[in-house]
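File shown: my_file.cif (mmCIF, C-alpha atoms).
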data_query
loop_
_atom_site.label_atom_id
_atom_site.label_comp_id
_atom_site.auth_asym_id
_atom_site.auth_seq_id
_atom_site.Cartn_x
_atom_site.Cartn_y
_atom_site.Cartn_z
CA MET A 1 0.00 0.00 0.00
CA PRO A 2 1.48 3.41 -0.95
CA GLU A 3 2.04 6.05 1.69
CA VAL A 4 2.27 9.84 1.78
CA GLU A 5 3.99 11.95 4.40
CA LEU A 6 1.69 14.66 5.78
CA SER A 7 2.23 17.19 8.54
CA ALA A 8 0.63 14.88 11.13
CA GLY A 9 2.49 11.77 10.01
CA THR A 10 2.45 8.99 7.43
CA VAL A 11 -0.90 8.15 5.84
CA ALA A 12 -1.39 4.97 3.81
CA TYR A 13 -3.83 4.84 0.94
CA GLU A 14 -5.08 2.69 -1.91
CA ASP A 15 -5.26 4.04 -5.45
CA SER A 16 -6.93 2.21 -8.31
CA GLY A 17 -5.09 4.47 -10.78
CA GLY A 18 -6.12 5.44 -14.27
CA ASP A 19 -7.15 8.64 -15.98
CA GLY A 20 -10.83 8.55 -15.05
CA PRO A 21 -12.64 10.94 -12.72
CA VAL A 22 -11.10 10.96 -9.25
CA LEU A 23 -13.17 9.83 -6.28
CA VAL A 24 -11.67 10.13 -2.79
CA LEU A 25 -13.55 7.78 -0.49
CA LEU A 26 -13.42 8.42 3.26
CA HIS A 27 -14.30 6.18 6.22
CA GLY A 28 -15.26 6.46 9.87
CA LEU A 29 -13.77 5.67 13.27
CA THR A 30 -11.97 2.32 13.61
CA ILE A 31 -12.58 1.64 9.90
CA ASP A 32 -10.22 1.80 6.94
CA GLY A 33 -10.54 2.14 3.18
CA SER A 34 -11.53 -1.50 2.74
CA LEU A 35 -15.04 -0.32 3.61
CA TRP A 36 -15.33 0.71 -0.05
CA GLN A 37 -13.94 -2.39 -1.74
CA GLU A 38 -17.23 -3.60 -3.24
CA VAL A 39 -18.13 -0.12 -4.44
CA VAL A 40 -14.72 0.29 -6.08
CA ALA A 41 -15.12 -3.08 -7.80
CA GLU A 42 -18.51 -1.97 -9.16
CA LEU A 43 -17.13 1.33 -10.44
CA GLY A 44 -14.60 -0.54 -12.54
CA PRO A 45 -11.59 0.85 -14.42
CA TYR A 46 -13.26 4.06 -15.61
CA HIS A 47 -12.93 5.83 -12.26
CA ARG A 48 -9.82 6.50 -10.23
CA CYS A 49 -10.70 5.60 -6.65
CA VAL A 50 -8.38 6.82 -3.89
CA ARG A 51 -8.94 5.50 -0.36
CA PRO A 52 -6.81 6.99 2.42
CA THR A 53 -6.73 5.33 5.83
CA LEU A 54 -7.11 8.33 8.08
CA PRO A 55 -5.75 8.27 11.66
CA LEU A 56 -9.15 7.40 13.12
CA GLY A 57 -8.16 4.19 14.88
CA ALA A 58 -7.66 1.62 12.11
CA HIS A 59 -4.40 3.15 10.86
CA ARG A 60 -1.21 1.08 11.19
CA THR A 61 1.35 3.88 11.59
CA PRO A 62 0.90 6.18 14.59
CA MET A 63 0.93 9.90 14.01
CA LYS A 64 3.60 12.24 15.31
CA PRO A 65 3.34 13.13 19.01
CA GLY A 66 1.44 16.39 19.36
CA ALA A 67 -0.09 16.21 15.86
CA ASP A 68 -3.35 18.09 15.46
CA LEU A 69 -5.86 15.25 15.33
CA SER A 70 -8.83 17.32 16.38
CA LEU A 71 -12.03 17.25 14.34
CA ARG A 72 -10.93 20.34 12.42
CA GLY A 73 -7.33 19.12 12.20
CA MET A 74 -8.47 15.83 10.69
CA ALA A 75 -10.50 17.70 8.06
CA LEU A 76 -7.49 19.83 7.17
CA LEU A 77 -5.46 16.62 6.90
CA VAL A 78 -7.85 15.46 4.17
CA GLY A 79 -7.23 18.72 2.32
CA GLU A 80 -3.50 18.26 2.70
CA PHE A 81 -3.81 14.72 1.34
CA LEU A 82 -5.53 16.02 -1.81
CA GLU A 83 -2.79 18.61 -2.26
CA ARG A 84 0.14 16.25 -1.74
CA LEU A 85 -1.24 13.79 -4.29
CA ASP A 86 -2.11 16.73 -6.59
CA LEU A 87 -5.69 15.48 -6.98
CA ARG A 88 -7.98 17.88 -8.83
CA ASP A 89 -11.70 18.11 -9.56
CA VAL A 90 -12.17 15.50 -6.85
CA THR A 91 -15.47 13.89 -5.95
CA LEU A 92 -15.14 13.79 -2.17
CA VAL A 93 -17.26 10.96 -0.74
CA LEU A 94 -17.99 10.71 3.00
CA ASN A 95 -19.56 7.86 4.92
CA ASP A 96 -20.07 7.62 8.68
CA TRP A 97 -17.41 10.22 9.57
CA GLY A 98 -18.57 13.70 8.63
CA GLY A 99 -15.59 15.81 9.65
CA ALA A 100 -14.36 16.57 6.14
CA GLN A 101 -17.40 18.84 5.74
CA ILE A 102 -15.29 21.44 7.56
CA LEU A 103 -13.34 21.88 4.32
CA LEU A 104 -16.55 23.24 2.82
CA SER A 105 -17.20 25.44 5.87
CA GLU A 106 -13.78 27.05 5.51
CA GLY A 107 -13.83 27.37 1.73
CA ARG A 108 -10.87 25.03 1.25
CA THR A 109 -12.44 23.55 -1.86
CA GLU A 110 -10.07 24.45 -4.68
CA ARG A 111 -9.46 20.77 -5.41
CA ILE A 112 -13.02 19.59 -4.76
CA GLY A 113 -15.36 19.48 -7.73
CA ARG A 114 -18.33 17.81 -6.07
CA VAL A 115 -19.28 16.17 -2.79
CA VAL A 116 -21.24 13.06 -1.82
CA LEU A 117 -22.47 12.89 1.77
CA THR A 118 -23.39 9.27 2.45
CA ALA A 119 -25.13 8.64 5.78
CA CYS A 120 -22.59 10.61 7.79
CA GLU A 121 -22.27 12.76 10.87
CA ALA A 122 -23.78 16.20 10.40
CA PHE A 123 -24.89 19.26 12.34
CA ASP A 124 -24.51 18.41 16.06
CA ASN A 125 -24.51 14.61 15.65
CA TYR A 126 -20.85 14.14 16.67
CA PRO A 127 -20.26 11.42 17.74
CA PRO A 128 -23.36 9.71 16.39
CA GLY A 129 -25.90 7.73 18.36
CA LEU A 130 -25.44 5.40 21.28
CA ALA A 131 -22.31 3.81 19.81
CA GLY A 132 -20.58 7.17 19.65
CA ARG A 133 -21.55 8.05 23.19
CA LEU A 134 -20.26 4.71 24.45
CA ILE A 135 -16.85 5.33 22.88
CA GLY A 136 -16.82 8.79 24.40
CA LEU A 137 -17.55 7.29 27.80
CA ALA A 138 -14.87 4.62 27.37
CA LEU A 139 -12.29 7.30 26.62
CA ARG A 140 -13.00 9.01 29.93
CA VAL A 141 -12.45 5.86 31.99
CA PRO A 142 -8.83 4.76 32.55
CA GLY A 143 -8.23 1.77 30.29
CA GLY A 144 -11.78 1.99 28.93
CA LEU A 145 -10.84 2.29 25.27
CA ARG A 146 -8.49 -0.70 25.47
CA LEU A 147 -11.21 -2.81 27.10
CA THR A 148 -13.71 -1.73 24.46
CA MET A 149 -11.39 -2.74 21.64
CA GLN A 150 -10.70 -6.07 23.32
CA ALA A 151 -14.44 -6.71 23.62
CA LEU A 152 -14.85 -6.09 19.89
CA ARG A 153 -13.01 -9.34 19.24
CA LEU A 154 -16.29 -11.08 20.07
CA ARG A 155 -18.90 -11.49 17.34
CA ALA A 156 -21.73 -11.01 19.85
CA VAL A 157 -20.36 -7.59 20.80
CA ARG A 158 -19.83 -6.61 17.17
CA ARG A 159 -23.47 -7.31 16.29
CA ALA A 160 -25.00 -6.03 19.52
CA PRO A 161 -27.87 -3.54 19.15
CA GLY A 162 -26.85 0.01 19.91
CA GLY A 163 -23.25 -0.49 18.80
CA TRP A 164 -21.77 -2.00 15.67
CA GLY A 165 -24.97 -3.97 15.18
CA TRP A 166 -26.58 -0.69 14.14
CA MET A 167 -23.85 0.21 11.66
CA SER A 168 -24.83 -2.28 8.95
CA LYS A 169 -27.80 -4.56 8.33
CA ARG A 170 -25.51 -7.18 6.83
CA PRO A 171 -22.59 -8.40 8.95
CA VAL A 172 -19.21 -7.07 7.90
CA PRO A 173 -16.90 -10.04 7.18
CA ASP A 174 -15.00 -11.10 10.30
CA ALA A 175 -11.61 -10.83 8.60
CA MET A 176 -12.34 -7.24 7.58
CA MET A 177 -13.44 -6.25 11.06
CA ASP A 178 -10.43 -8.00 12.57
CA ALA A 179 -8.19 -5.79 10.41
CA TRP A 180 -10.14 -2.67 11.38
CA PHE A 181 -9.93 -3.25 15.12
CA GLU A 182 -6.47 -4.82 15.44
CA PRO A 183 -4.42 -1.58 15.46
CA ALA A 184 -6.35 0.07 18.31
CA ARG A 185 -6.69 -3.24 20.13
CA THR A 186 -2.97 -3.98 20.21
CA ARG A 187 -1.14 -0.64 20.04
CA PRO A 188 -1.37 2.12 22.64
CA GLU A 189 -0.04 4.71 20.15
CA ILE A 190 -3.02 4.08 17.88
CA ARG A 191 -5.41 4.37 20.83
CA ARG A 192 -3.67 7.64 21.70
CA ASP A 193 -4.41 8.98 18.20
CA LEU A 194 -8.02 7.81 18.35
CA ALA A 195 -8.50 9.41 21.74
CA ALA A 196 -6.97 12.69 20.54
CA TYR A 197 -9.61 12.85 17.84
CA ALA A 198 -12.60 11.57 19.80
CA LEU A 199 -12.03 13.95 22.72
CA SER A 200 -11.74 16.97 20.44
CA VAL A 201 -15.37 17.39 19.36
CA PRO A 202 -16.34 21.01 20.10
CA GLU A 203 -19.54 22.28 21.67
CA ARG A 204 -22.86 22.11 19.87
CA ALA A 205 -22.91 25.79 18.92
CA THR A 206 -19.59 25.47 17.08
CA LEU A 207 -20.74 22.37 15.19
CA LEU A 208 -23.92 24.11 14.06
CA GLU A 209 -21.97 27.19 13.00
CA TRP A 210 -19.67 25.04 10.86
CA ALA A 211 -22.68 23.39 9.26
CA GLU A 212 -24.32 26.72 8.46
CA ARG A 213 -21.16 28.01 6.78
CA MET A 214 -21.27 25.12 4.30
CA ARG A 215 -23.88 27.11 2.36
CA THR A 216 -21.00 28.90 0.65
CA PHE A 217 -20.10 25.76 -1.32
CA THR A 218 -21.79 26.10 -4.71
CA GLY A 219 -20.58 22.87 -6.33
CA PRO A 220 -22.84 19.85 -6.87
CA VAL A 221 -23.68 17.90 -3.71
CA LEU A 222 -25.34 14.50 -3.61
CA VAL A 223 -26.79 13.44 -0.26
CA VAL A 224 -27.35 9.68 0.02
CA TRP A 225 -29.22 8.63 3.15
CA ALA A 226 -30.43 5.31 4.51
CA THR A 227 -34.11 5.34 5.42
CA GLU A 228 -33.54 2.83 8.24
CA ASP A 229 -30.39 4.43 9.67
CA ARG A 230 -30.34 4.32 13.46
CA LEU A 231 -27.31 6.55 13.96
CA MET A 232 -27.74 9.34 11.41
CA PRO A 233 -31.21 10.93 11.73
CA ARG A 234 -33.23 10.71 8.53
CA GLU A 235 -34.09 14.41 8.74
CA HIS A 236 -30.40 15.27 8.48
CA GLY A 237 -30.37 14.08 4.88
CA ARG A 238 -33.05 16.60 3.96
CA ARG A 239 -31.45 19.38 6.02
CA LEU A 240 -28.07 18.84 4.40
CA THR A 241 -29.60 18.92 0.94
CA GLU A 242 -31.30 22.24 1.68
CA LEU A 243 -28.00 23.80 2.78
CA PHE A 244 -26.49 23.66 -0.70
CA PRO A 245 -27.52 25.66 -3.79
CA ASP A 246 -26.93 22.57 -5.93
CA GLY A 247 -27.92 19.79 -3.55
CA ARG A 248 -29.96 16.69 -4.29
CA LEU A 249 -31.17 13.89 -2.03
CA VAL A 250 -31.46 10.16 -2.71
CA GLU A 251 -32.76 7.85 -0.01
CA ILE A 252 -31.77 4.19 0.04
CA GLU A 253 -33.84 1.43 1.59
CA ASP A 254 -32.65 -1.77 3.24
CA SER A 255 -29.50 -0.22 4.68
CA TYR A 256 -28.06 1.22 7.85
CA THR A 257 -25.16 3.69 8.07
CA LEU A 258 -22.58 1.63 6.18
CA ILE A 259 -24.25 1.89 2.79
CA PRO A 260 -21.00 0.76 1.06
CA VAL A 261 -21.50 -2.57 2.87
CA ASP A 262 -25.28 -2.89 2.69
CA GLN A 263 -25.95 -1.51 -0.79
CA PRO A 264 -22.65 -1.28 -2.72
CA ARG A 265 -24.13 -1.75 -6.20
CA ARG A 266 -26.82 0.85 -5.71
CA LEU A 267 -24.30 3.31 -4.30
CA ALA A 268 -21.85 2.69 -7.16
CA VAL A 269 -24.59 3.43 -9.70
CA LEU A 270 -25.44 6.69 -7.93
CA LEU A 271 -21.79 7.74 -7.82
CA ARG A 272 -21.24 6.90 -11.48
CA GLU A 273 -24.33 8.83 -12.60
CA PHE A 274 -23.61 11.81 -10.35
CA VAL A 275 -20.05 12.20 -11.61
CA ALA A 276 -21.11 11.84 -15.25
CA GLU A 277 -23.89 14.42 -14.89
CA THR A 278 -21.79 17.02 -13.09
CA ALA A 279 -18.38 16.62 -14.76
CA SER A 280 -16.99 19.94 -15.90
#

Full structure transcribed into structure tokens:
Amino acid sequence: MPEVELSAGTVAYEDSGGDGPVLVLLHGLTIDGSLWQEVVAELGPYHRCVRPTLPLGAHRTPMKPGADLSLRGMALLVGEFLERLDLRDVTLVLNDWGGAQILLSEGRTERIGRVVLTACEAFDNYPPGLAGRLIGLALRVPGGLRLTMQALRLRAVRRAPGGWGWMSKRPVPDAMMDAWFEPARTRPEIRRDLAAYALSVPERATLLEWAERMRTFTGPVLVVWATEDRLMPREHGRRLTELFPDGRLVEIEDSYTLIPVDQPRRLAVLLREFVAETAS
């Protein structure tokens, strides 16, 4: 897997290559770019799909001590990633983690042609739902995060209602989840990075201010929301769409938050059509 050196540290990524339209596919906490593997397979060779593994707990190389891994810092890291790889007219695709929306709030969009918000954190829903609150609680108890990651070795815990069981309707393959959780389960430096991010979420007023400032982004925005999502409120899909001058909403049935897992073919079709319709 190739790597790029950013200000916070080394970030690994996968790149399908080619001269097609560039999609940068982002993931959530304790997940890596493999989340998108079925979607990438469906998109085929006509799209260049770039999947960074952000330092959100499933990364293999710890970040530099003192690196800015706050919510805003992580968003700026995404912008730095686009710049270092010299990616242009990017379709930026979010799922689960919504922090990269801050790039839109701050007008750091010179390399972003269009955006797809796929069942992700928005407005004041950081961290999302019961699962997010449980991680926040674990971080405030000495050794709590380590114990949580150890517990996630058990299939029963992974599929429990209120936690990972509400992330996807269809079980994520065990081998994939093992790879996601292993870094934070076994390495204190990775847990340090995850904690630095998770404890950085600002107060509600700041989150809502950031969301409101996204109105300044005039590029095409596709909002893809799961009608049965238990972590990302259904009304957030509509509210996000109304924020943008060129926003459109598509709702997907038979899926929870991880639409790339539950409905990869449907999502790939939507991405392909959206890029083709809005290409400059």

Inset, instruction - Would you write out, as a PyMOL selection string, every residue that the PyMOL selection byres ((chain A and resi 52-68) around 6) captures in this file? - result: chain A and resi 8-9+12-13+29-33+51+69-70+73+180+183-184+189-190+194

Legend entry - Which residue of A:Arg191, A:Arg234, A:Arg114, A:Arg155 approaches A:Asp246 most closely, using only C-alpha atoms: A:Arg114

Inset, instruction - Compare A:Lys169, A:Arg185, A:Arg230, A:Arg146 by their minimum atom-to-atom distance to A:Val261, counting all atoms listed in the file, and give me the closest one. - result: A:Lys169

Legend entry - Minimum-distance residue to A:Asn95, chosen among A:Glu121, A:Glu212, A:Glu38, A:Glu80 (using all atoms listed in the file):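 The answer is A:Glu121, which sits nearest to A:Asn95.
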
Inset, instruction - Determine, counting only C-alpha atoms, which protein, DNA and RNA residues have an atom within 9 Å of an atom of stretch 122-137 of chain A; residues of the same chain fewer than 3 positions away are not included. Present the result as a PyMOL selection string. - result: chain A and resi 96-99+101+119+140-141+144-145+148+162-164+166+195+198-199+201-212+230-233+236-237+240

Could you write out the selected residues, including C-alpha atoms, as a PDB file, in the coordinates of the input?
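Dumped everything to again15.pdb:
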ATOM      1  CA  ASP A  96     -20.070   7.620   8.680  1.00  0.00           C
ATOM      2  CA  TRP A  97     -17.410  10.220   9.570  1.00  0.00           C
ATOM      3  CA  GLY A  98     -18.570  13.700   8.630  1.00  0.00           C
ATOM      4  CA  GLY A  99     -15.590  15.810   9.650  1.00  0.00           C
ATOM      5  CA  GLN A 101     -17.400  18.840   5.740  1.00  0.00           C
ATOM      6  CA  ALA A 119     -25.130   8.640   5.780  1.00  0.00           C
ATOM      7  CA  ARG A 140     -13.000   9.010  29.930  1.00  0.00           C
ATOM      8  CA  VAL A 141     -12.450   5.860  31.990  1.00  0.00           C
ATOM      9  CA  GLY A 144     -11.780   1.990  28.930  1.00  0.00           C
ATOM     10  CA  LEU A 145     -10.840   2.290  25.270  1.00  0.00           C
ATOM     11  CA  THR A 148     -13.710  -1.730  24.460  1.00  0.00           C
ATOM     12  CA  GLY A 162     -26.850   0.010  19.910  1.00  0.00           C
ATOM     13  CA  GLY A 163     -23.250  -0.490  18.800  1.00  0.00           C
ATOM     14  CA  TRP A 164     -21.770  -2.000  15.670  1.00  0.00           C
ATOM     15  CA  TRP A 166     -26.580  -0.690  14.140  1.00  0.00           C
ATOM     16  CA  ALA A 195      -8.500   9.410  21.740  1.00  0.00           C
ATOM     17  CA  ALA A 198     -12.600  11.570  19.800  1.00  0.00           C
ATOM     18  CA  LEU A 199     -12.030  13.950  22.720  1.00  0.00           C
ATOM     19  CA  VAL A 201     -15.370  17.390  19.360  1.00  0.00           C
ATOM     20  CA  PRO A 202     -16.340  21.010  20.100  1.00  0.00           C
ATOM     21  CA  GLU A 203     -19.540  22.280  21.670  1.00  0.00           C
ATOM     22  CA  ARG A 204     -22.860  22.110  19.870  1.00  0.00           C
ATOM     23  CA  ALA A 205     -22.910  25.790  18.920  1.00  0.00           C
ATOM     24  CA  THR A 206     -19.590  25.470  17.080  1.00  0.00           C
ATOM     25  CA  LEU A 207     -20.740  22.370  15.190  1.00  0.00           C
ATOM     26  CA  LEU A 208     -23.920  24.110  14.060  1.00  0.00           C
ATOM     27  CA  GLU A 209     -21.970  27.190  13.000  1.00  0.00           C
ATOM     28  CA  TRP A 210     -19.670  25.040  10.860  1.00  0.00           C
ATOM     29  CA  ALA A 211     -22.680  23.390   9.260  1.00  0.00           C
ATOM     30  CA  GLU A 212     -24.320  26.720   8.460  1.00  0.00           C
ATOM     31  CA  ARG A 230     -30.340   4.320  13.460  1.00  0.00           C
ATOM     32  CA  LEU A 231     -27.310   6.550  13.960  1.00  0.00           C
ATOM     33  CA  MET A 232     -27.740   9.340  11.410  1.00  0.00           C
ATOM     34  CA  PRO A 233     -31.210  10.930  11.730  1.00  0.00           C
ATOM     35  CA  HIS A 236     -30.400  15.270   8.480  1.00  0.00           C
ATOM     36  CA  GLY A 237     -30.370  14.080   4.880  1.00  0.00           C
ATOM     37  CA  LEU A 240     -28.070  18.840   4.400  1.00  0.00           C
TER      38      LEU A 240
END

Inset, instruction - Might you pull out every residue within 6 Å of stretch 255-257 of chain A, with only C-alpha atoms counted and same-chain residues fewer than 3 positions away left off, and present them as a VMD selection string? - result: chain A and resid 119 167 to 169 226 228 to 229 262

Inset, instruction - Would you work out the distance separating atom CA of A:Trp36 from atom CA of A:Glu253, expressed in Å to one decimal? - result: 18.6 Å

Legend entry - Pick from A:Pro188, A:Pro2, A:Pro171, A:Gly219 nearest to A:Leu92, counting only C-alpha atoms: A:Gly219

Legend entry - Residues near A:Leu76, cut-off 9 Å, only C-alpha atoms, skip fewer than 6 positions along chain, as a list in words: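 After dropping sequence-adjacent residues, the list is Ala100, Ile102, Leu103 and Arg108 of chain A.
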
Inset, instruction - Please provide the set of residues having any atom within 7 Å of A:Thr91, restricted to all atoms listed in the file, with same-chain residues fewer than 6 positions apart removed, written as a ChimeraX atom specification. - result: /A:22-24,112-115

Legend entry - Distance in Å - atom CA of A:Gly107 versus atom CA of A:Phe217: 7.2 Å

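The list of residues within 7 Å of (-18.1, 6.5, 5.8), counted using only C-alpha atoms, is Leu26, His27, Gly28, Leu94, Asn95, Asp96, Trp97, Thr118, Cys120 and Leu258 of chain A.
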
Inset, instruction - Would you work out the distance separating atom CA of A:Val78 from atom CA of A:Thr10, expressed in Å to one decimal? - result: 12.6 Å

Let me have the centre and edge lengths of the axis-aligned box enclosing all listed atoms of stretch 68-76 of chain A with 4 Å padding on every side, in Å to one decimal, as lines of an AutoDock Vina configuration file.
center_x = -7.7
center_y = 17.8
center_z = 11.8
size_x = 16.7
size_y = 13.1
size_z = 17.2

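Counting all atoms listed in the file and comparing A:Leu243, A:Leu25, A:Leu270, A:Leu87, the residue that lies closest to A:Met214 is A:Leu243.
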
Legend entry - Spatial neighbours of A:Pro45, 8 Å, all atoms listed in the file, chain gap at least 4 places, as a ChimeraX atom specification: /A:16,18,20

Inset, instruction - Please write the residues picked by the PyMOL selection byres ((chain A and resi 252) around 9) on this file as a PyMOL selection string. - result: chain A and resi 224-228+250-251+253-255+259+263+266-267

Given the PyMOL selection byres ((chain A and resi 19) around 8), the residues it picks as a JSON list (two decimals) with C-alpha atoms, keeping the file's coordinate frame:
[["chain", "number", "residue", "atom", "x", "y", "z"],
["A", 17, "GLY", "CA", -5.09, 4.47, -10.78],
["A", 18, "GLY", "CA", -6.12, 5.44, -14.27],
["A", 20, "GLY", "CA", -10.83, 8.55, -15.05],
["A", 21, "PRO", "CA", -12.64, 10.94, -12.72],
["A", 46, "TYR", "CA", -13.26, 4.06, -15.61],
["A", 47, "HIS", "CA", -12.93, 5.83, -12.26],
["A", 48, "ARG", "CA", -9.82, 6.50, -10.23]]

Please output stretch 265-273 of chain A, rebuilt to include all heavy atoms, as a PDB file, keeping the file's coordinate frame.
ATOM      1  N   ARG A 265     -23.784  -1.922  -4.779  1.00  0.00           N
ATOM      2  CA  ARG A 265     -24.130  -1.750  -6.200  1.00  0.00           C
ATOM      3  C   ARG A 265     -24.963  -0.502  -6.425  1.00  0.00           C
ATOM      4  O   ARG A 265     -24.717   0.265  -7.355  1.00  0.00           O
ATOM      5  CB  ARG A 265     -24.857  -2.992  -6.718  1.00  0.00           C
ATOM      6  CG  ARG A 265     -23.987  -4.239  -6.794  1.00  0.00           C
ATOM      7  CD  ARG A 265     -24.732  -5.404  -7.419  1.00  0.00           C
ATOM      8  NE  ARG A 265     -23.878  -6.583  -7.516  1.00  0.00           N
ATOM      9  CZ  ARG A 265     -24.268  -7.755  -8.011  1.00  0.00           C
ATOM     10  NH1 ARG A 265     -25.528  -7.896  -8.457  1.00  0.00           N
ATOM     11  NH2 ARG A 265     -23.436  -8.770  -8.065  1.00  0.00           N
ATOM     12  N   ARG A 266     -25.974  -0.331  -5.588  1.00  0.00           N
ATOM     13  CA  ARG A 266     -26.820   0.850  -5.710  1.00  0.00           C
ATOM     14  C   ARG A 266     -26.012   2.115  -5.521  1.00  0.00           C
ATOM     15  O   ARG A 266     -26.165   3.098  -6.271  1.00  0.00           O
ATOM     16  CB  ARG A 266     -27.942   0.777  -4.666  1.00  0.00           C
ATOM     17  CG  ARG A 266     -28.834   2.004  -4.576  1.00  0.00           C
ATOM     18  CD  ARG A 266     -29.647   2.203  -5.829  1.00  0.00           C
ATOM     19  NE  ARG A 266     -30.609   3.279  -5.658  1.00  0.00           N
ATOM     20  CZ  ARG A 266     -30.885   4.176  -6.591  1.00  0.00           C
ATOM     21  NH1 ARG A 266     -30.303   4.123  -7.774  1.00  0.00           N
ATOM     22  NH2 ARG A 266     -31.778   5.121  -6.365  1.00  0.00           N
ATOM     23  N   LEU A 267     -25.121   2.129  -4.546  1.00  0.00           N
ATOM     24  CA  LEU A 267     -24.300   3.310  -4.300  1.00  0.00           C
ATOM     25  C   LEU A 267     -23.355   3.567  -5.459  1.00  0.00           C
ATOM     26  O   LEU A 267     -23.159   4.720  -5.869  1.00  0.00           O
ATOM     27  CB  LEU A 267     -23.523   3.136  -2.995  1.00  0.00           C
ATOM     28  CG  LEU A 267     -22.650   4.314  -2.562  1.00  0.00           C
ATOM     29  CD1 LEU A 267     -23.445   5.605  -2.490  1.00  0.00           C
ATOM     30  CD2 LEU A 267     -21.992   4.016  -1.216  1.00  0.00           C
ATOM     31  N   ALA A 268     -22.759   2.522  -6.018  1.00  0.00           N
ATOM     32  CA  ALA A 268     -21.850   2.690  -7.160  1.00  0.00           C
ATOM     33  C   ALA A 268     -22.582   3.303  -8.349  1.00  0.00           C
ATOM     34  O   ALA A 268     -22.045   4.182  -9.039  1.00  0.00           O
ATOM     35  CB  ALA A 268     -21.233   1.348  -7.538  1.00  0.00           C
ATOM     36  N   VAL A 269     -23.803   2.861  -8.602  1.00  0.00           N
ATOM     37  CA  VAL A 269     -24.590   3.430  -9.700  1.00  0.00           C
ATOM     38  C   VAL A 269     -24.835   4.919  -9.457  1.00  0.00           C
ATOM     39  O   VAL A 269     -24.681   5.752 -10.366  1.00  0.00           O
ATOM     40  CB  VAL A 269     -25.920   2.676  -9.866  1.00  0.00           C
ATOM     41  CG1 VAL A 269     -26.861   3.437 -10.808  1.00  0.00           C
ATOM     42  CG2 VAL A 269     -25.672   1.272 -10.394  1.00  0.00           C
ATOM     43  N   LEU A 270     -25.196   5.282  -8.243  1.00  0.00           N
ATOM     44  CA  LEU A 270     -25.440   6.690  -7.930  1.00  0.00           C
ATOM     45  C   LEU A 270     -24.181   7.521  -8.104  1.00  0.00           C
ATOM     46  O   LEU A 270     -24.234   8.638  -8.653  1.00  0.00           O
ATOM     47  CB  LEU A 270     -25.955   6.811  -6.490  1.00  0.00           C
ATOM     48  CG  LEU A 270     -27.362   6.283  -6.227  1.00  0.00           C
ATOM     49  CD1 LEU A 270     -27.667   6.301  -4.736  1.00  0.00           C
ATOM     50  CD2 LEU A 270     -28.394   7.117  -6.979  1.00  0.00           C
ATOM     51  N   LEU A 271     -23.049   7.009  -7.663  1.00  0.00           N
ATOM     52  CA  LEU A 271     -21.790   7.740  -7.820  1.00  0.00           C
ATOM     53  C   LEU A 271     -21.442   7.917  -9.288  1.00  0.00           C
ATOM     54  O   LEU A 271     -21.064   9.019  -9.722  1.00  0.00           O
ATOM     55  CB  LEU A 271     -20.660   6.995  -7.093  1.00  0.00           C
ATOM     56  CG  LEU A 271     -20.729   6.973  -5.568  1.00  0.00           C
ATOM     57  CD1 LEU A 271     -19.633   6.066  -5.008  1.00  0.00           C
ATOM     58  CD2 LEU A 271     -20.612   8.366  -4.990  1.00  0.00           C
ATOM     59  N   ARG A 272     -21.572   6.839 -10.057  1.00  0.00           N
ATOM     60  CA  ARG A 272     -21.240   6.900 -11.480  1.00  0.00           C
ATOM     61  C   ARG A 272     -22.121   7.927 -12.209  1.00  0.00           C
ATOM     62  O   ARG A 272     -21.628   8.758 -12.970  1.00  0.00           O
ATOM     63  CB  ARG A 272     -21.410   5.524 -12.107  1.00  0.00           C
ATOM     64  CG  ARG A 272     -20.928   5.410 -13.551  1.00  0.00           C
ATOM     65  CD  ARG A 272     -21.195   4.034 -14.121  1.00  0.00           C
ATOM     66  NE  ARG A 272     -20.573   2.977 -13.332  1.00  0.00           N
ATOM     67  CZ  ARG A 272     -21.238   2.034 -12.672  1.00  0.00           C
ATOM     68  NH1 ARG A 272     -22.569   2.010 -12.708  1.00  0.00           N
ATOM     69  NH2 ARG A 272     -20.601   1.111 -11.992  1.00  0.00           N
ATOM     70  N   GLU A 273     -23.403   7.899 -11.932  1.00  0.00           N
ATOM     71  CA  GLU A 273     -24.330   8.830 -12.600  1.00  0.00           C
ATOM     72  C   GLU A 273     -24.083  10.259 -12.158  1.00  0.00           C
ATOM     73  O   GLU A 273     -24.117  11.188 -12.978  1.00  0.00           O
ATOM     74  CB  GLU A 273     -25.753   8.406 -12.303  1.00  0.00           C
ATOM     75  CG  GLU A 273     -26.157   7.079 -12.944  1.00  0.00           C
ATOM     76  CD  GLU A 273     -27.561   6.630 -12.573  1.00  0.00           C
ATOM     77  OE1 GLU A 273     -28.142   7.223 -11.620  1.00  0.00           O
ATOM     78  OE2 GLU A 273     -28.074   5.705 -13.206  1.00  0.00           O
TER      79      GLU A 273
END
